[in-house]
>>> print(open('input06.txt').read())   # compact mmCIF, C-alpha atoms
# COMPACT_ATOMS: atom_id res chain seq x y z
CA MET O 1 -25.90 52.10 5.85
CA LEU O 2 -26.12 48.49 6.96
CA LYS O 3 -25.75 47.32 3.37
CA GLY O 4 -22.58 49.38 2.92
CA LEU O 5 -21.20 48.07 6.21
CA GLY O 6 -21.93 44.51 5.14
CA LEU O 7 -20.14 45.02 1.80
CA LEU O 8 -17.17 46.52 3.65
CA CYS O 9 -16.98 43.52 6.00
CA LEU O 10 -17.22 41.18 3.01
CA ALA O 11 -14.41 43.03 1.23
CA ILE O 12 -12.24 42.91 4.36
CA GLY O 13 -12.94 39.20 4.76
CA ILE O 14 -12.00 38.48 1.12
CA PHE O 15 -8.81 40.53 1.50
CA VAL O 16 -7.81 38.68 4.69
CA PHE O 17 -8.55 35.30 3.08
CA VAL O 18 -6.54 36.11 -0.06
CA TYR O 19 -3.66 37.53 1.97
CA THR O 20 -3.59 34.48 4.26
CA TYR O 21 -3.75 31.80 1.59
CA SER O 22 -2.10 33.58 -1.34
CA LYS O 23 1.24 31.78 -0.88
CA ARG O 24 -0.45 28.38 -0.67
CA PHE O 25 -2.50 29.16 -3.76
CA LEU O 26 0.56 30.31 -5.70
CA ASP O 27 2.49 27.20 -4.61
CA TRP O 28 -0.43 25.01 -5.67
CA LEU O 29 -0.70 26.83 -9.01
CA ARG O 30 3.03 26.45 -9.60
CA PHE O 31 2.87 22.71 -8.83
CA GLN O 32 -0.05 22.25 -11.21
CA SER O 33 1.93 23.90 -14.00
CA VAL O 34 5.71 23.63 -13.69
CA GLY O 35 5.46 20.96 -10.98
CA THR O 36 3.61 18.56 -13.25
CA ARG O 37 6.23 19.08 -15.95
CA ASP O 38 9.08 18.49 -13.50
CA TYR O 39 7.41 15.34 -12.16
CA VAL O 40 7.00 13.88 -15.66
CA VAL O 41 10.57 14.79 -16.65
CA GLU O 42 12.03 13.28 -13.44
CA ARG O 43 9.99 10.10 -13.83
CA LEU O 44 11.18 9.68 -17.40
CA ALA O 45 14.77 10.40 -16.36
CA SER O 46 14.57 7.60 -13.77
CA MET O 47 13.71 5.30 -16.70
CA PHE O 48 16.74 6.56 -18.69
CA ILE O 49 14.53 8.63 -21.01
CA GLU O 50 15.91 12.14 -21.32
CA VAL O 51 13.34 14.83 -22.18
CA ASP O 52 13.96 18.56 -22.43
CA PRO O 53 11.83 20.32 -19.75
CA ASP O 54 10.83 23.16 -22.12
CA LYS O 55 9.68 20.69 -24.78
CA ALA O 56 7.78 18.71 -22.14
CA LEU O 57 5.99 21.87 -20.97
CA LEU O 58 5.16 22.77 -24.58
CA ALA O 59 3.77 19.28 -25.22
CA LEU O 60 1.65 19.38 -22.06
CA THR O 61 0.28 22.81 -22.95
CA GLY O 62 -0.49 21.77 -26.52
CA LEU O 63 -2.23 18.58 -25.39
CA SER O 64 -4.31 20.44 -22.80
CA LEU O 65 -5.33 23.42 -24.93
CA GLY O 66 -5.76 21.31 -28.07
CA THR O 67 -8.18 18.79 -26.56
CA GLY O 68 -10.02 21.43 -24.55
CA GLY O 69 -10.40 23.68 -27.60
CA PHE O 70 -11.60 20.74 -29.71
CA VAL O 71 -14.35 19.91 -27.20
CA PHE O 72 -15.33 23.59 -27.01
CA LEU O 73 -15.65 23.84 -30.81
CA LEU O 74 -17.50 20.53 -30.94
CA LEU O 75 -20.25 21.81 -28.63
CA LEU O 76 -20.75 25.18 -30.36
CA PRO O 77 -23.09 27.11 -30.60
CA ASN O 78 -23.78 25.99 -27.00
CA TRP O 79 -20.86 28.01 -25.70
CA LEU O 80 -21.59 27.59 -21.98
CA PRO O 81 -21.46 23.76 -21.87
CA GLY O 82 -18.62 23.95 -24.38
CA LEU O 83 -16.71 26.20 -22.02
CA VAL O 84 -17.42 24.01 -18.98
CA PHE O 85 -16.69 20.65 -20.62
CA GLY O 86 -13.79 22.09 -22.63
CA PHE O 87 -12.16 23.32 -19.43
CA ALA O 88 -12.76 19.96 -17.72
CA VAL O 89 -11.23 18.06 -20.65
CA ALA O 90 -8.27 20.48 -20.74
CA VAL O 91 -7.56 19.82 -17.05
CA ILE O 92 -7.85 16.05 -17.56
CA ALA O 93 -5.53 16.21 -20.59
CA TRP O 94 -3.00 18.21 -18.56
CA LYS O 95 -3.01 15.55 -15.85
CA LEU O 96 -3.19 12.55 -18.20
CA PRO O 97 0.59 12.15 -18.80
CA THR O 98 1.21 11.74 -15.05
CA PRO O 99 -0.66 8.42 -14.60
CA ILE O 100 0.67 7.19 -17.97
CA VAL O 101 4.27 7.85 -16.91
CA ASP O 102 3.55 6.28 -13.50
CA HIS O 103 2.18 3.18 -15.23
CA LEU O 104 5.30 2.88 -17.39
CA TYR O 105 7.49 3.34 -14.30
CA GLU O 106 5.60 0.67 -12.35
CA LYS O 107 5.92 -1.76 -15.27
CA ARG O 108 9.65 -1.11 -15.38
CA VAL O 109 9.98 -1.63 -11.62
CA ALA O 110 7.99 -4.88 -11.84
CA LYS O 111 10.24 -6.15 -14.63
CA PHE O 112 13.34 -5.14 -12.66
CA THR O 113 12.03 -7.06 -9.63
CA LEU O 114 11.50 -10.19 -11.73
CA GLN O 115 15.00 -9.83 -13.16
CA MET O 116 16.45 -9.55 -9.66
CA VAL O 117 15.69 -13.23 -9.09
CA ASP O 118 17.98 -14.32 -11.92
CA GLY O 119 20.41 -11.43 -11.40
CA LEU O 120 21.02 -12.10 -7.71
CA SER O 121 21.28 -15.83 -8.36
CA LEU O 122 23.92 -15.07 -10.97
CA MET O 123 25.75 -12.76 -8.55
CA SER O 124 25.56 -15.39 -5.81
CA ASN O 125 27.07 -18.08 -8.05
CA GLY O 126 29.77 -15.68 -9.23
CA MET O 127 30.73 -14.71 -5.68
CA LYS O 128 30.85 -18.36 -4.65
CA SER O 129 33.41 -18.85 -7.40
CA GLY O 130 35.56 -16.02 -6.03
CA LEU O 131 34.30 -12.88 -7.79
CA SER O 132 33.88 -9.56 -5.95
CA VAL O 133 30.59 -7.65 -5.82
CA VAL O 134 31.66 -5.35 -8.65
CA GLN O 135 32.81 -8.26 -10.82
CA ALA O 136 29.57 -10.14 -10.13
CA MET O 137 27.55 -7.06 -11.14
CA ALA O 138 29.59 -6.76 -14.34
CA LEU O 139 28.68 -10.38 -15.05
CA VAL O 140 24.99 -9.51 -14.69
CA THR O 141 25.32 -6.60 -17.15
CA GLN O 142 26.87 -8.97 -19.69
CA GLU O 143 24.30 -11.75 -19.36
CA MET O 144 21.00 -9.99 -18.71
CA GLU O 145 18.75 -7.50 -20.50
CA GLU O 146 17.36 -4.10 -19.59
CA PRO O 147 16.35 -2.62 -17.19
CA ILE O 148 18.66 -4.43 -14.76
CA ARG O 149 21.56 -4.05 -17.18
CA GLN O 150 21.00 -0.27 -17.34
CA GLU O 151 20.78 0.08 -13.58
CA PHE O 152 23.81 -2.05 -12.80
CA ASN O 153 25.81 -0.37 -15.56
CA LEU O 154 25.04 3.00 -14.00
CA ILE O 155 26.16 1.73 -10.58
CA LEU O 156 29.43 0.51 -12.06
CA SER O 157 29.94 3.79 -13.95
CA GLU O 158 29.33 5.84 -10.82
CA ASN O 159 31.81 3.66 -8.93
CA LYS O 160 34.44 4.18 -11.62
CA LEU O 161 33.93 7.95 -11.35
CA GLY O 162 34.69 7.90 -7.62
CA VAL O 163 31.26 7.35 -6.06
CA SER O 164 31.41 4.78 -3.29
CA LEU O 165 29.61 1.52 -3.93
CA GLU O 166 27.35 2.18 -0.94
CA ASP O 167 26.23 5.56 -2.32
CA ALA O 168 25.76 4.07 -5.79
CA PHE O 169 23.45 1.42 -4.30
CA LEU O 170 21.54 4.10 -2.41
CA ASN O 171 21.05 5.95 -5.70
CA LEU O 172 19.63 2.73 -7.13
CA SER O 173 17.07 2.54 -4.32
CA LYS O 174 16.02 6.12 -5.13
CA ARG O 175 15.52 5.36 -8.83
CA VAL O 176 13.80 1.98 -8.34
CA LYS O 177 11.47 2.42 -5.39
CA THR O 178 10.46 -1.03 -4.20
CA GLU O 179 10.87 -3.00 -0.99
CA ASP O 180 12.91 -5.71 -2.71
CA VAL O 181 15.51 -3.21 -3.92
CA ASP O 182 15.64 -1.58 -0.48
CA MET O 183 16.23 -5.00 1.07
CA PHE O 184 18.99 -5.76 -1.44
CA VAL O 185 20.72 -2.38 -0.99
CA THR O 186 20.51 -2.49 2.80
CA SER O 187 21.90 -6.03 2.92
CA VAL O 188 24.85 -5.22 0.67
CA ASN O 189 25.76 -2.01 2.49
CA ILE O 190 25.53 -3.56 5.96
CA LEU O 191 27.45 -6.73 5.10
CA LYS O 192 30.19 -4.78 3.32
CA GLU O 193 30.80 -2.86 6.56
CA THR O 194 30.31 -5.64 9.10
CA GLY O 195 31.42 -8.61 7.04
CA GLY O 196 29.37 -11.66 6.16
CA ASN O 197 28.48 -14.09 3.42
CA LEU O 198 26.93 -12.02 0.65
CA ALA O 199 26.28 -15.06 -1.54
CA GLU O 200 24.04 -16.69 1.08
CA THR O 201 22.32 -13.36 1.68
CA PHE O 202 21.55 -13.05 -2.03
CA ASP O 203 20.08 -16.56 -2.01
CA THR O 204 17.84 -15.56 0.91
CA ILE O 205 16.72 -12.38 -0.88
CA VAL O 206 15.94 -14.40 -4.02
CA GLY O 207 13.74 -16.73 -1.96
CA THR O 208 11.94 -13.77 -0.38
CA ILE O 209 11.32 -12.11 -3.75
CA ARG O 210 9.97 -15.37 -5.21
CA GLU O 211 7.50 -15.78 -2.35
CA ARG O 212 6.42 -12.14 -2.63
CA ILE O 213 5.83 -12.54 -6.37
CA LYS O 214 3.70 -15.63 -5.74
CA VAL O 215 1.55 -13.73 -3.25
CA GLN O 216 1.24 -10.75 -5.59
CA LYS O 217 0.09 -12.97 -8.46
CA LYS O 218 -2.54 -14.61 -6.24
CA ILE O 219 -3.83 -11.22 -5.13
CA ALA O 220 -3.86 -9.94 -8.72
CA ALA O 221 -5.95 -12.94 -9.79
CA LEU O 222 -8.41 -12.37 -6.93
CA VAL O 223 -8.92 -8.64 -7.53
CA ALA O 224 -9.02 -8.85 -11.34
CA GLN O 225 -12.63 -10.02 -11.31
CA GLY O 226 -13.69 -7.12 -9.09
CA LEU O 227 -11.81 -4.65 -11.28
CA TYR O 228 -13.45 -5.82 -14.50
CA GLN O 229 -16.87 -5.82 -12.88
CA GLY O 230 -16.33 -2.26 -11.67
CA MET O 231 -15.12 -1.04 -15.07
CA PHE O 232 -18.13 -2.70 -16.71
CA MET O 233 -20.51 -0.94 -14.32
CA LEU O 234 -18.80 2.40 -14.97
CA SER O 235 -19.11 1.94 -18.73
CA ILE O 236 -22.89 1.32 -18.64
CA PRO O 237 -24.05 5.00 -18.31
CA PRO O 238 -21.99 6.37 -21.25
CA LEU O 239 -22.81 3.34 -23.43
CA LEU O 240 -26.54 3.72 -22.71
CA GLY O 241 -26.28 7.43 -23.48
CA VAL O 242 -24.66 6.73 -26.86
CA MET O 243 -27.24 4.06 -27.66
CA PHE O 244 -30.19 6.33 -26.76
CA TYR O 245 -28.68 9.20 -28.74
CA ILE O 246 -28.41 6.98 -31.82
CA THR O 247 -31.91 5.50 -31.51
CA ASP O 248 -33.75 8.66 -30.37
CA PRO O 249 -31.63 11.83 -30.71
CA ASP O 250 -34.60 14.15 -30.04
CA MET O 251 -35.00 12.67 -26.57
CA MET O 252 -31.31 13.06 -25.71
CA ARG O 253 -30.72 16.48 -27.30
CA PRO O 254 -32.02 18.48 -24.27
CA LEU O 255 -29.15 17.05 -22.22
CA PHE O 256 -26.76 19.07 -24.38
CA THR O 257 -28.91 22.16 -25.05
CA ASN O 258 -30.68 22.77 -21.72
CA PRO O 259 -29.04 24.04 -18.49
CA ILE O 260 -30.76 21.29 -16.52
CA GLY O 261 -29.31 18.74 -18.94
CA TRP O 262 -25.84 20.24 -18.47
CA MET O 263 -26.29 19.90 -14.72
CA ILE O 264 -27.35 16.26 -15.09
CA LEU O 265 -24.32 15.49 -17.27
CA SER O 266 -22.03 17.19 -14.76
CA VAL O 267 -23.49 15.13 -11.90
CA VAL O 268 -23.14 11.91 -13.92
CA PHE O 269 -19.53 12.75 -14.76
CA LEU O 270 -18.77 13.52 -11.11
CA LEU O 271 -20.37 10.25 -9.95
CA GLU O 272 -18.37 8.33 -12.57
CA VAL O 273 -15.13 9.85 -11.27
CA ILE O 274 -16.08 9.10 -7.65
CA GLY O 275 -16.99 5.52 -8.60
CA TYR O 276 -13.66 5.03 -10.35
CA VAL O 277 -11.71 6.38 -7.36
CA VAL O 278 -13.64 4.17 -4.93
CA ILE O 279 -13.10 1.06 -7.07
CA ARG O 280 -9.37 1.77 -7.32
CA LYS O 281 -9.16 2.19 -3.53
CA VAL O 282 -11.04 -1.04 -2.87
CA ILE O 283 -8.90 -3.21 -5.16
CA GLN O 284 -5.54 -1.84 -3.98
CA ILE O 285 -3.94 -4.33 -1.58
CA GLU O 286 -0.46 -3.72 -0.26
CA VAL O 287 1.80 -6.76 0.05
>>> encode(input="input06.txt", output="structure tokens")
Amino acid sequence: MLKGLGLLCLAIGIFVFVYTYSKRFLDWLRFQSVGTRDYVVERLASMFIEVDPDKALLALTGLSLGTGGFVFLLLLPNWLPGLVFGFAVAVIAWKLPTPIVDHLYEKRVAKFTLQMVDGLSLMSNGMKSGLSVVQAMALVTQEMEEPIRQEFNLILSENKLGVSLEDAFLNLSKRVKTEDVDMFVTSVNILKETGGNLAETFDTIVGTIRERIKVQKKIAALVAQGLYQGMFMLSIPPLLGVMFYITDPDMMRPLFTNPIGWMILSVVFLLEVIGYVVIRKVIQIEV
């Protein structure tokens, strides 16, 4: 009687939990599937790389299932560790394009920021000689390379199609998310409404960007040593494992054939991930 009552209470509790958090779970599941695809497609679009969403989803699915299935087959006939590690690799492969695309985006933003120094100096000189903002931007598109040429060309195209220059600049700040671009866009939009010397403002922005770049390079030099030391420490366990497996495979084989060995490998993998996350958090310094 008490056992049946306990099972009933457990069933009611599970039902209440599922009913309460079902929407959150479905939203989370949707983000992990279609949301990841949309994020990758939008990131690539902000870099002027057009990708069909259906093809992107197909590529993500193929990458995830392909690598996960390969690991599973590699560990057969040990199907349980193959299933566990295959699933883990499949999840990692599904998420792998996101940091890769983010890295490409950050490199593009960094290059755009460096180009802003020469681009704004060119605009400042052009405006001092009597050119308007639009004409000065056209001069930049003629003299400079991508990505600043792409971005300024898009601003000019939007303006020709009827979009106000202020809105076109705001769109730029949405595509290139950095404090220097926000400062540039805000300055242009405010001074166009209130009046002021845009050429001198551009010179001031150029000086600010140069000083920020100097500080960023100093910080990068200081944290590089810590980063390499951390990556070296993280690489020691897998390198030792490979070396021991080559020199004495009989000693290492139980790690892949015994449940206790699977547990040890899982703990090592988890600690490696935690160590990587902690190192990344420590070396990140906002300027």
>>> atom_distance(input="input06.txt", atom1="CA of Phe72 (chain O)", atom2="CA of Asp102 (chain O)")
29.0 Å
>>> atom_distance(input="input06.txt", atom1="CA of Gly119 (chain O)", atom2="CA of Ile100 (chain O)")
27.9 Å
>>> closest_atom_pairs(input="input06.txt", of="region 52-99 of chain O", to="region 254-257 of chain O", cutoff="10 Å", atoms="all atoms listed in the file", output="JSON lines")
{"residue": "O:Leu75", "atom": "CA", "partner": "O:Phe256", "partner_atom": "CA", "distance": 8.2}
{"residue": "O:Pro77", "atom": "CA", "partner": "O:Thr257", "partner_atom": "CA", "distance": 9.4}
{"residue": "O:Asn78", "atom": "CA", "partner": "O:Thr257", "partner_atom": "CA", "distance": 6.7}
{"residue": "O:Trp79", "atom": "CA", "partner": "O:Thr257", "partner_atom": "CA", "distance": 10.0}
{"residue": "O:Leu80", "atom": "CA", "partner": "O:Thr257", "partner_atom": "CA", "distance": 9.6}
{"residue": "O:Pro81", "atom": "CA", "partner": "O:Phe256", "partner_atom": "CA", "distance": 7.5}
{"residue": "O:Gly82", "atom": "CA", "partner": "O:Phe256", "partner_atom": "CA", "distance": 9.5}
>>> closest_residue(input="input06.txt", among="O:Glu146, O:Leu96, O:Ser187, O:Ala136", to="Thr204 (chain O)", atoms="all atoms listed in the file")
O:Ser187
>>> residues_around(input="input06.txt", residues="Tyr105 (chain O)", least_positions_apart="3", cutoff="9 Å", atoms="all atoms listed in the file", output="mmCIF file with C-alpha atoms, in the frame of the given file")
data_model
loop_
_atom_site.group_PDB
_atom_site.id
_atom_site.type_symbol
_atom_site.label_atom_id
_atom_site.label_comp_id
_atom_site.auth_asym_id
_atom_site.auth_seq_id
_atom_site.Cartn_x
_atom_site.Cartn_y
_atom_site.Cartn_z
ATOM 1 C CA ARG O 43 9.990 10.100 -13.830
ATOM 2 C CA LEU O 44 11.180 9.680 -17.400
ATOM 3 C CA SER O 46 14.570 7.600 -13.770
ATOM 4 C CA MET O 47 13.710 5.300 -16.700
ATOM 5 C CA ILE O 100 0.670 7.190 -17.970
ATOM 6 C CA VAL O 101 4.270 7.850 -16.910
ATOM 7 C CA ASP O 102 3.550 6.280 -13.500
ATOM 8 C CA ARG O 108 9.650 -1.110 -15.380
ATOM 9 C CA VAL O 109 9.980 -1.630 -11.620
ATOM 10 C CA ALA O 110 7.990 -4.880 -11.840
ATOM 11 C CA VAL O 176 13.800 1.980 -8.340
#
>>> residues_around(input="input06.txt", residues="region 188-201 of chain O", least_positions_apart="2", cutoff="7 Å", atoms="only C-alpha atoms", output="ChimeraX atom specification")
/O:124,127-128,166,184-186,203-205
>>> residues_around(input="input06.txt", residues="region 157-164 of chain O", least_positions_apart="4", cutoff="12 Å", atoms="only C-alpha atoms", output="PDB file with C-alpha atoms, in the coordinates of the input")
ATOM      1  CA  VAL O 133      30.590  -7.650  -5.820  1.00  0.00           C
ATOM      2  CA  VAL O 134      31.660  -5.350  -8.650  1.00  0.00           C
ATOM      3  CA  MET O 137      27.550  -7.060 -11.140  1.00  0.00           C
ATOM      4  CA  ALA O 138      29.590  -6.760 -14.340  1.00  0.00           C
ATOM      5  CA  THR O 141      25.320  -6.600 -17.150  1.00  0.00           C
ATOM      6  CA  ARG O 149      21.560  -4.050 -17.180  1.00  0.00           C
ATOM      7  CA  GLN O 150      21.000  -0.270 -17.340  1.00  0.00           C
ATOM      8  CA  GLU O 151      20.780   0.080 -13.580  1.00  0.00           C
ATOM      9  CA  PHE O 152      23.810  -2.050 -12.800  1.00  0.00           C
ATOM     10  CA  ASN O 153      25.810  -0.370 -15.560  1.00  0.00           C
ATOM     11  CA  ALA O 168      25.760   4.070  -5.790  1.00  0.00           C
ATOM     12  CA  PHE O 169      23.450   1.420  -4.300  1.00  0.00           C
ATOM     13  CA  LEU O 170      21.540   4.100  -2.410  1.00  0.00           C
ATOM     14  CA  ASN O 171      21.050   5.950  -5.700  1.00  0.00           C
ATOM     15  CA  LEU O 172      19.630   2.730  -7.130  1.00  0.00           C
ATOM     16  CA  ASN O 189      25.760  -2.010   2.490  1.00  0.00           C
ATOM     17  CA  LYS O 192      30.190  -4.780   3.320  1.00  0.00           C
TER      18      LYS O 192
END
>>> closest_residue(input="input06.txt", among="O:Ser266, O:Met231, O:Arg212, O:Gly69", to="Thr178 (chain O)", atoms="all atoms listed in the file")
O:Arg212
>>> atom_distance(input="input06.txt", atom1="CA of Leu120 (chain O)", atom2="CA of Val206 (chain O)")
6.7 Å
>>> residues_around(input="input06.txt", residues="region 61-67 of chain O", least_positions_apart="5", cutoff="12 Å", atoms="all atoms listed in the file", output="list in words")
Gln32, Ser33, Val34, Thr36, Arg37, Asp54, Lys55, Ala56, Phe72, Leu73, Leu74, Gly82, Phe85, Gly86, Phe87, Ala88, Val89, Ala90, Val91, Ile92, Ala93, Trp94, Lys95, Leu96 and Pro97 of chain O
>>> residues_around(input="input06.txt", residues="Thr208 (chain O)", least_positions_apart="5", cutoff="12 Å", atoms="only C-alpha atoms", output="compact mmCIF listing (two decimals) with C-alpha atoms, in the frame of the given file")
# COMPACT_ATOMS: atom_id res chain seq x y z
CA THR O 113 12.03 -7.06 -9.63
CA LEU O 114 11.50 -10.19 -11.73
CA MET O 116 16.45 -9.55 -9.66
CA VAL O 117 15.69 -13.23 -9.09
CA LEU O 120 21.02 -12.10 -7.71
CA GLU O 179 10.87 -3.00 -0.99
CA ASP O 180 12.91 -5.71 -2.71
CA VAL O 181 15.51 -3.21 -3.92
CA MET O 183 16.23 -5.00 1.07
CA PHE O 184 18.99 -5.76 -1.44
CA THR O 201 22.32 -13.36 1.68
CA PHE O 202 21.55 -13.05 -2.03
CA ASP O 203 20.08 -16.56 -2.01
CA ILE O 213 5.83 -12.54 -6.37
CA LYS O 214 3.70 -15.63 -5.74
CA VAL O 215 1.55 -13.73 -3.25
